[in-house]
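Below you'll find the structure, written out as structure tokens, and then a few comments.
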Amino acid sequence: MSGLGSMDSALLEALLKEAPIGFAFLDSHSRFQRINRTLAAVYGRTEDECRGRTPAELLGCDDAAAHEAAIAAVLGGETVVSGGRLVSLPTSCPQSAHWVVSWFPARGDGADGVALIAIDLSDRHTAEVALRRSEERYRSLLAATNQIVWAAGADGSVSEDCPEWRAITGQTTEQYLGLGWLAAAHPDDQELVTRSWTDAVADRTAFDEVFRVRTQSGDFRYYRSRAVPIMRGDELVEWVGAHTDVTTQHEADDMRQRLTQQLGEAALRTVRLQKATSDLAEALTVDEVVQAMWEIGQSAVGADRTALGELDRERLRLRMLGDDGGSGVPGAQPAESGLDFPSSMSMAVRERKPFIAGSPFELRALLDDDPQVVTFLKHTDEQAWVALPLLSAGLPIGALRFSFASPRDISDEEKVFLEALAGQCALALERAKLFEREHRTAESLQKSLLPEDLPEVKGIRMRAFYRSGTQNVQVGGDWYDAFPLPDGRVAGVLGDVMGKGIKAATGMSRVRNALRALAFSMPEPADVLTGLDRMFDATEGADQVTTLVYFVLDPETGQVDLSNAGHLPPLVVSENAAPWLLETDPDTPLGVRSERGHHKFFVQPGNTVVLYSDGLVENRKRAVASGLDELVTVASQASPEVVGDPQHMLKYLVGSMLKGYEQDDDVTLLAVHLPVTEAAPEQ
């Protein structure tokens, strides 16, 4: 047995000496009696240096005091002293300075003392420090990004408190737990967020929603809440998420979106204004301006009705242009009224600024509850109005009104657009009034230069037709003339002085007068055109291009002598044969010196010779050559009644040739009909 005891003692001695833990035995006087190499190294000493010495002689003040207090406690009767605390030992220790030290009572063989065991926890301590540091960094990061971490059970119900969220919402713990956190959402967002969270829990998919949250102060901030399911194999353990304050980002996005929308609306208004300007530029008459504004009101403004009024400055009365569809409503703006009439248009003209009423209540307030206004509102379906003055050189010339079937809020940007639109409308209205005035003057002047009645010589019937082009606001250069000659024959001419305006009209007048004078002295066509060439050299400019066809007809024989100065060939319509063109090679226009040709042909009784200007056969969609072919085809389809009547013939040709085409030039025709002579009765 003693041999076995010696063996156990030797094994214990070896274990204590080589073990990685520290061991020592101190007597009742706190002196180290035994100490192993590991603990001696922790103290920074050798085993021999430690034996017989107290902790105060080996360690620093703090560690020595801790040792002495623990030894005293054990000697005083405590079973074990171990606070589980880290003891800082000398930095000269070759190992870690973080050890857990425990003291136990040691009694035996009449000797009482204290056993000390020290365990190295340096790795554990390092891991704890790293974990604590990681947690601190994570919490700092969350605080910096306004994120609040929250958790929920597998069923989506919150059972873990989140003080950060409650600090924002003012909820109590009881109000927050379960699904109570959703109650902090804006009433308009609660249904959406709750449904989204319920669906995510049911489908085990990520939850991600942006919603408004009511704060303790009573206002609302935008939060983005995201949560993901935590899975352990196929089992859903819990949900972990984060609430992030995105108010600043949302406001920035909202501002950016509003700016983008405003820029888009501004660009659209610019395009609409350009389109409106283009449409108004094409409106030549007042009626066309009214029609264009009605279409612009619908497409560019969204108005249900558009009205346009013209101001008579002398009488201070506003006259409505066209029919806006609402003039029959009791109390509405009458066809003509004084500026004292209670209406949006009258107010806009009087004050020379926009009048805007976004609702019937506003209209009544702005017009002082006038009885006319009250009556109007009882019978109309209109709910909002914008009236703008039409100004020229700062003075009103009329008013423009847009009406809407529902209340309308007019923004400052839209108001600027409407004012610009009114400016374009004012320019178009002035242009149209000037056009109509000049057009009436031009037509009167044109007609005064053309003969009203054509002569009839021995049954020959001559008729003429003239219509100015729709785009023509000036006197044109088309003209015709017919007159009897002293020798009994009849002379006729149709010509075209290129250009418009007074210059073309005076040139036409000089050519007509000179031709008449020459015809009476030397009526043959070639002689007349030669004389006109000389006159051109003396009086006309090189750019005054003039073309004409001049003929002399003998009523007795039907002989026609004709010269053509660069004009279109005459048309001959027969009762018994197909129509044809007198395809003679035309000479040069007047003023371009050349030997003038003289062509002779005979017109059979019942035939009609038609002279015409290029406006009959040529336009933007039809070339001259195809127009001439079409003219012959149209003439061949004329009924006998039309062929026998020159007036009907002209109307028929004009109506047929211009059908389906926009007239963009003057149209002038001269028809000469040689009647059928009845045979004298036999004697």
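Within each chain, counting starts at residue 1; across the structure tokens, chains are named A, B, ... in the order shown, with ligands numbered 1 upward in that order.
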
If you count only C-alpha atoms, which residues fall within 9 Å of A:Leu273, apart from same-chain ones fewer than 3 positions away, as a PyMOL selection string?
-> chain A and resi 268-270+276-278+300+417+420-421+424

For those residues, write N, CA and C atoms to a file as a short mmCIF file (atom, residue, chain, number, x, y, z; two decimals), in the first residue's frame.
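Output file out.cif follows:
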data_model
loop_
_atom_site.label_atom_id
_atom_site.label_comp_id
_atom_site.auth_asym_id
_atom_site.auth_seq_id
_atom_site.Cartn_x
_atom_site.Cartn_y
_atom_site.Cartn_z
N LEU A 268 -44.34 70.53 -71.42
CA LEU A 268 -45.59 70.26 -72.12
C LEU A 268 -46.34 71.55 -72.42
N ARG A 269 -46.34 72.48 -71.44
CA ARG A 269 -47.00 73.77 -71.70
C ARG A 269 -46.31 74.52 -72.82
N THR A 270 -44.97 74.43 -72.87
CA THR A 270 -44.23 75.10 -73.94
C THR A 270 -44.61 74.52 -75.30
N ALA A 276 -50.28 76.03 -80.22
CA ALA A 276 -51.34 77.03 -80.28
C ALA A 276 -50.92 78.22 -81.13
N THR A 277 -49.67 78.66 -80.97
CA THR A 277 -49.17 79.78 -81.77
C THR A 277 -49.19 79.42 -83.25
N SER A 278 -48.79 78.19 -83.57
CA SER A 278 -48.80 77.75 -84.97
C SER A 278 -50.22 77.70 -85.52
N ALA A 300 -55.36 71.99 -75.20
CA ALA A 300 -54.23 72.52 -74.44
C ALA A 300 -54.60 72.96 -73.03
N PHE A 417 -48.98 80.38 -68.29
CA PHE A 417 -49.25 79.77 -69.60
C PHE A 417 -50.50 80.38 -70.24
N ALA A 420 -49.85 83.85 -71.54
CA ALA A 420 -49.11 83.80 -72.80
C ALA A 420 -50.03 83.40 -73.94
N LEU A 421 -50.94 82.47 -73.66
CA LEU A 421 -51.91 82.04 -74.68
C LEU A 421 -52.83 83.19 -75.07
N GLN A 424 -51.06 85.46 -77.47
CA GLN A 424 -51.06 84.96 -78.84
C GLN A 424 -52.44 85.12 -79.48
#

List every residue of stretch 157-406 of chain A that DSSP, applied to the backbone, labels as helix (DSSP H, G or I), and write the result as a ChimeraX atom specification.
-> /A:163-169,173-176,180-184,187-203,247-282,286-301,344-351,360-366,371-379

Go ahead and save the residues from that selection, with C-alpha atoms, as a CSV table (one decimal), in the first residue's frame.
chain,number,residue,atom,x,y,z
A,163,PRO,CA,-37.5,50.7,-26.2
A,164,GLU,CA,-36.1,52.7,-29.2
A,165,TRP,CA,-39.3,52.3,-31.1
A,166,ARG,CA,-41.5,53.1,-28.1
A,167,ALA,CA,-39.3,56.3,-27.5
A,168,ILE,CA,-40.3,57.4,-31.0
A,169,THR,CA,-44.0,56.4,-31.0
A,173,THR,CA,-44.7,48.1,-23.7
A,174,GLU,CA,-48.2,46.6,-23.7
A,175,GLN,CA,-49.2,48.7,-26.6
A,176,TYR,CA,-46.2,47.7,-28.6
A,180,GLY,CA,-49.3,46.7,-31.5
A,181,TRP,CA,-46.4,48.2,-33.3
A,182,LEU,CA,-48.5,48.4,-36.4
A,183,ALA,CA,-50.9,50.8,-34.6
A,184,ALA,CA,-48.3,53.5,-34.9
A,187,PRO,CA,-54.3,55.5,-40.5
A,188,ASP,CA,-54.1,55.6,-44.3
A,189,ASP,CA,-51.1,53.2,-44.3
A,190,GLN,CA,-52.2,50.7,-41.6
A,191,GLU,CA,-54.2,48.4,-43.8
A,192,LEU,CA,-51.4,48.1,-46.4
A,193,VAL,CA,-48.6,47.6,-43.9
A,194,THR,CA,-50.6,45.0,-41.8
A,195,ARG,CA,-51.6,43.1,-44.9
A,196,SER,CA,-48.0,43.1,-46.2
A,197,TRP,CA,-46.6,41.9,-42.8
A,198,THR,CA,-49.3,39.2,-42.6
A,199,ASP,CA,-48.5,38.0,-46.1
A,200,ALA,CA,-44.8,37.9,-45.4
A,201,VAL,CA,-45.3,35.8,-42.3
A,202,ALA,CA,-47.6,33.4,-44.1
A,203,ASP,CA,-45.2,33.1,-47.1
A,247,THR,CA,-38.0,61.0,-43.9
A,248,THR,CA,-35.2,63.1,-45.3
A,249,GLN,CA,-34.7,60.7,-48.3
A,250,HIS,CA,-38.4,60.5,-48.9
A,251,GLU,CA,-38.7,64.3,-48.8
A,252,ALA,CA,-35.8,64.6,-51.2
A,253,ASP,CA,-37.3,62.0,-53.5
A,254,ASP,CA,-40.7,63.7,-53.3
A,255,MET,CA,-39.1,67.1,-54.1
A,256,ARG,CA,-37.1,65.6,-57.0
A,257,GLN,CA,-40.3,64.0,-58.3
A,258,ARG,CA,-42.2,67.3,-58.0
A,259,LEU,CA,-39.4,69.1,-59.8
A,260,THR,CA,-39.4,66.5,-62.5
A,261,GLN,CA,-43.1,66.7,-62.8
A,262,GLN,CA,-43.0,70.5,-62.9
A,263,LEU,CA,-40.3,70.5,-65.5
A,264,GLY,CA,-42.3,68.0,-67.5
A,265,GLU,CA,-45.4,70.1,-67.2
A,266,ALA,CA,-43.5,73.2,-68.2
A,267,ALA,CA,-42.1,71.5,-71.2
A,268,LEU,CA,-45.6,70.3,-72.1
A,269,ARG,CA,-47.0,73.8,-71.7
A,270,THR,CA,-44.2,75.1,-73.9
A,271,VAL,CA,-45.1,72.5,-76.6
A,272,ARG,CA,-48.8,73.3,-76.3
A,273,LEU,CA,-48.1,77.1,-76.5
A,274,GLN,CA,-46.0,76.5,-79.6
A,275,LYS,CA,-48.7,74.4,-81.2
A,276,ALA,CA,-51.3,77.0,-80.3
A,277,THR,CA,-49.2,79.8,-81.8
A,278,SER,CA,-48.8,77.8,-85.0
A,279,ASP,CA,-52.5,77.1,-85.2
A,280,LEU,CA,-53.4,80.7,-84.6
A,281,ALA,CA,-50.9,81.8,-87.2
A,282,GLU,CA,-52.8,79.8,-89.8
A,286,VAL,CA,-62.0,86.1,-87.1
A,287,ASP,CA,-64.1,83.0,-87.4
A,288,GLU,CA,-61.0,80.9,-87.9
A,289,VAL,CA,-59.4,82.4,-84.8
A,290,VAL,CA,-62.6,81.6,-82.8
A,291,GLN,CA,-62.5,78.0,-84.1
A,292,ALA,CA,-58.8,77.7,-83.4
A,293,MET,CA,-59.2,78.9,-79.8
A,294,TRP,CA,-62.1,76.5,-79.2
A,295,GLU,CA,-59.8,73.6,-80.3
A,296,ILE,CA,-56.9,75.0,-78.3
A,297,GLY,CA,-59.2,75.4,-75.2
A,298,GLN,CA,-60.1,71.7,-75.4
A,299,SER,CA,-56.7,70.2,-76.2
A,300,ALA,CA,-54.2,72.5,-74.4
A,301,VAL,CA,-56.3,73.9,-71.5
A,344,SER,CA,-65.8,87.3,-65.7
A,345,MET,CA,-65.0,88.7,-69.2
A,346,SER,CA,-66.2,92.2,-68.3
A,347,MET,CA,-64.1,92.1,-65.1
A,348,ALA,CA,-61.0,91.0,-67.0
A,349,VAL,CA,-61.4,93.8,-69.5
A,350,ARG,CA,-62.1,96.5,-66.9
A,351,GLU,CA,-59.2,95.5,-64.6
A,360,PRO,CA,-69.2,78.9,-58.0
A,361,PHE,CA,-68.6,80.2,-54.5
A,362,GLU,CA,-65.6,82.1,-55.6
A,363,LEU,CA,-67.5,83.5,-58.6
A,364,ARG,CA,-70.3,84.8,-56.4
A,365,ALA,CA,-67.8,86.3,-54.0
A,366,LEU,CA,-65.7,88.0,-56.8
A,371,PRO,CA,-78.5,88.7,-59.0
A,372,GLN,CA,-77.4,88.0,-62.7
A,373,VAL,CA,-74.6,85.8,-61.4
A,374,VAL,CA,-76.9,83.9,-59.0
A,375,THR,CA,-79.3,83.3,-61.8
A,376,PHE,CA,-76.5,82.1,-64.1
A,377,LEU,CA,-75.2,79.7,-61.5
A,378,LYS,CA,-78.7,78.1,-61.1
A,379,HIS,CA,-78.9,77.2,-64.7

Near-stretch 517-525 of chain A list (12 Å; only C-alpha atoms; drop same-chain fewer than 6 positions) as a PyMOL selection string | chain A and resi 481-493+510-511+531-535+548-554+560-565+596-600

Those selected residues, please, written with C-alpha atoms and delivered as a compact mmCIF listing (two decimals), in the first residue's frame.
# COMPACT_ATOMS: atom_id res chain seq x y z
CA ASP A 481 -61.42 92.48 -120.61
CA ALA A 482 -63.68 92.36 -123.67
CA PHE A 483 -64.86 95.13 -125.95
CA PRO A 484 -66.21 95.67 -129.50
CA LEU A 485 -63.86 96.98 -132.19
CA PRO A 486 -64.75 99.69 -134.74
CA ASP A 487 -64.80 97.14 -137.58
CA GLY A 488 -67.55 95.06 -135.89
CA ARG A 489 -65.35 92.38 -134.46
CA VAL A 490 -65.01 91.64 -130.74
CA ALA A 491 -61.71 91.72 -128.84
CA GLY A 492 -61.07 89.72 -125.66
CA VAL A 493 -58.09 89.25 -123.33
CA ARG A 510 -51.30 100.02 -117.37
CA VAL A 511 -51.28 96.87 -119.50
CA GLY A 531 -46.82 97.36 -129.11
CA LEU A 532 -47.15 96.11 -125.52
CA ASP A 533 -43.55 94.91 -125.64
CA ARG A 534 -42.41 98.43 -126.49
CA MET A 535 -44.56 99.85 -123.69
CA LEU A 548 -51.86 87.01 -121.54
CA VAL A 549 -53.98 85.62 -124.37
CA TYR A 550 -55.49 88.20 -126.73
CA PHE A 551 -57.96 87.36 -129.51
CA VAL A 552 -60.19 89.04 -132.06
CA LEU A 553 -63.44 87.25 -133.07
CA ASP A 554 -65.47 87.90 -136.24
CA VAL A 560 -60.63 83.89 -134.33
CA ASP A 561 -57.22 85.57 -134.59
CA LEU A 562 -55.16 84.93 -131.46
CA SER A 563 -51.74 85.61 -129.95
CA ASN A 564 -50.44 84.01 -126.76
CA ALA A 565 -47.77 85.75 -124.64
CA ARG A 596 -45.08 87.62 -131.97
CA GLY A 597 -47.04 84.78 -133.56
CA HIS A 598 -50.49 85.07 -135.06
CA HIS A 599 -52.84 82.08 -135.00
CA LYS A 600 -56.11 81.79 -136.88

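Reported to one decimal place, the separation of atom CA of A:Leu631 from atom CA of A:Thr608 is 14.3 Å.
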
Would you mind listing what lies within 9 Å of A:Tyr480 as a PyMOL selection string, with only C-alpha atoms counted and same-chain residues fewer than 6 positions away left out?
-> chain A and resi 450-451+464+492-496+512+668-670

With N, CA and C atoms retained, could you export that selection as a PDB file, in the first residue's frame?
ATOM      1  N   LEU A 450     -61.932  95.407-112.931  1.00  0.00           N
ATOM      2  CA  LEU A 450     -62.466  94.467-113.914  1.00  0.00           C
ATOM      3  C   LEU A 450     -63.834  94.954-114.386  1.00  0.00           C
ATOM      4  N   PRO A 451     -64.142  94.796-115.664  1.00  0.00           N
ATOM      5  CA  PRO A 451     -65.443  95.273-116.183  1.00  0.00           C
ATOM      6  C   PRO A 451     -66.595  94.485-115.580  1.00  0.00           C
ATOM      7  N   ALA A 464     -67.719  86.212-117.583  1.00  0.00           N
ATOM      8  CA  ALA A 464     -66.443  86.148-116.853  1.00  0.00           C
ATOM      9  C   ALA A 464     -66.688  85.668-115.432  1.00  0.00           C
ATOM     10  N   GLY A 492     -61.040  90.252-127.028  1.00  0.00           N
ATOM     11  CA  GLY A 492     -61.070  89.720-125.662  1.00  0.00           C
ATOM     12  C   GLY A 492     -59.661  89.392-125.196  1.00  0.00           C
ATOM     13  N   VAL A 493     -59.418  89.509-123.878  1.00  0.00           N
ATOM     14  CA  VAL A 493     -58.092  89.249-123.331  1.00  0.00           C
ATOM     15  C   VAL A 493     -58.223  88.725-121.901  1.00  0.00           C
ATOM     16  N   LEU A 494     -57.329  87.832-121.522  1.00  0.00           N
ATOM     17  CA  LEU A 494     -57.202  87.399-120.122  1.00  0.00           C
ATOM     18  C   LEU A 494     -55.719  87.298-119.821  1.00  0.00           C
ATOM     19  N   GLY A 495     -55.297  87.945-118.727  1.00  0.00           N
ATOM     20  CA  GLY A 495     -53.875  87.973-118.411  1.00  0.00           C
ATOM     21  C   GLY A 495     -53.600  87.821-116.932  1.00  0.00           C
ATOM     22  N   ASP A 496     -52.311  87.737-116.631  1.00  0.00           N
ATOM     23  CA  ASP A 496     -51.875  87.545-115.248  1.00  0.00           C
ATOM     24  C   ASP A 496     -50.567  88.284-115.041  1.00  0.00           C
ATOM     25  N   ARG A 512     -53.709  96.857-119.276  1.00  0.00           N
ATOM     26  CA  ARG A 512     -55.076  96.854-119.797  1.00  0.00           C
ATOM     27  C   ARG A 512     -55.364  98.108-120.608  1.00  0.00           C
ATOM     28  N   THR A 668     -59.547  83.080-112.462  1.00  0.00           N
ATOM     29  CA  THR A 668     -60.184  84.009-113.395  1.00  0.00           C
ATOM     30  C   THR A 668     -60.476  83.277-114.700  1.00  0.00           C
ATOM     31  N   LEU A 669     -61.706  83.439-115.227  1.00  0.00           N
ATOM     32  CA  LEU A 669     -62.082  82.809-116.487  1.00  0.00           C
ATOM     33  C   LEU A 669     -62.858  83.795-117.356  1.00  0.00           C
ATOM     34  N   LEU A 670     -62.751  83.630-118.662  1.00  0.00           N
ATOM     35  CA  LEU A 670     -63.513  84.409-119.648  1.00  0.00           C
ATOM     36  C   LEU A 670     -64.012  83.432-120.707  1.00  0.00           C
TER      37      LEU A 670
END

Distance criterion (only C-alpha atoms): nearest to A:Ala399 out of A:Gly309, A:Pro229, A:Gly459, A:Pro330 = A:Gly309

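Nearest residue to A:Glu57 among A:Phe32, A:Val100, A:Thr584, A:Glu209 is A:Phe32, counting only C-alpha atoms.
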
List the neighbours of A:Gln647 out to 10 Å using only C-alpha atoms; skip same-chain residues closer than 6 positions along the sequence, and give me the result as a ChimeraX atom specification.
-> /A:461-465,670-673

Emit the selected residues as a short mmCIF file (atom, residue, chain, number, x, y, z; two decimals), in the first residue's frame, including N, CA, C and O atoms.
data_model
loop_
_atom_site.label_atom_id
_atom_site.label_comp_id
_atom_site.auth_asym_id
_atom_site.auth_seq_id
_atom_site.Cartn_x
_atom_site.Cartn_y
_atom_site.Cartn_z
N ARG A 461 -72.22 85.77 -126.81
CA ARG A 461 -72.37 85.92 -125.37
C ARG A 461 -71.00 85.70 -124.69
O ARG A 461 -70.34 84.68 -124.92
N MET A 462 -70.64 86.66 -123.86
CA MET A 462 -69.37 86.58 -123.12
C MET A 462 -69.66 86.69 -121.62
O MET A 462 -70.41 87.57 -121.21
N ARG A 463 -69.06 85.79 -120.88
CA ARG A 463 -69.23 85.79 -119.43
C ARG A 463 -67.85 85.64 -118.77
O ARG A 463 -66.95 85.02 -119.34
N ALA A 464 -67.72 86.21 -117.58
CA ALA A 464 -66.44 86.15 -116.85
C ALA A 464 -66.69 85.67 -115.43
O ALA A 464 -67.79 85.79 -114.89
N PHE A 465 -65.63 85.14 -114.83
CA PHE A 465 -65.68 84.66 -113.44
C PHE A 465 -64.37 85.06 -112.75
O PHE A 465 -63.28 84.89 -113.31
N LEU A 670 -62.75 83.63 -118.66
CA LEU A 670 -63.51 84.41 -119.65
C LEU A 670 -64.01 83.43 -120.71
O LEU A 670 -63.21 82.71 -121.32
N ALA A 671 -65.33 83.38 -120.88
CA ALA A 671 -65.93 82.46 -121.85
C ALA A 671 -66.61 83.26 -122.96
O ALA A 671 -67.33 84.24 -122.70
N VAL A 672 -66.40 82.82 -124.22
CA VAL A 672 -67.02 83.45 -125.40
C VAL A 672 -67.80 82.36 -126.13
O VAL A 672 -67.23 81.36 -126.57
N HIS A 673 -69.11 82.56 -126.23
CA HIS A 673 -69.97 81.56 -126.87
C HIS A 673 -70.52 82.11 -128.18
O HIS A 673 -71.11 83.20 -128.21
#

Please run DSSP on the backbone and report, as number ranges by chain, all residues within stretch 333-531 of chain A that come out as strand (DSSP E or B).
-> A: 336-338, 355-357, 384-392, 395-404, 457, 460-467, 478-484, 490-497

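Checking A:Pro105, A:Pro579, A:Pro589, A:Gly331 one by one against A:Ala70, counting only C-alpha atoms, you find the shortest gap at A:Pro105.
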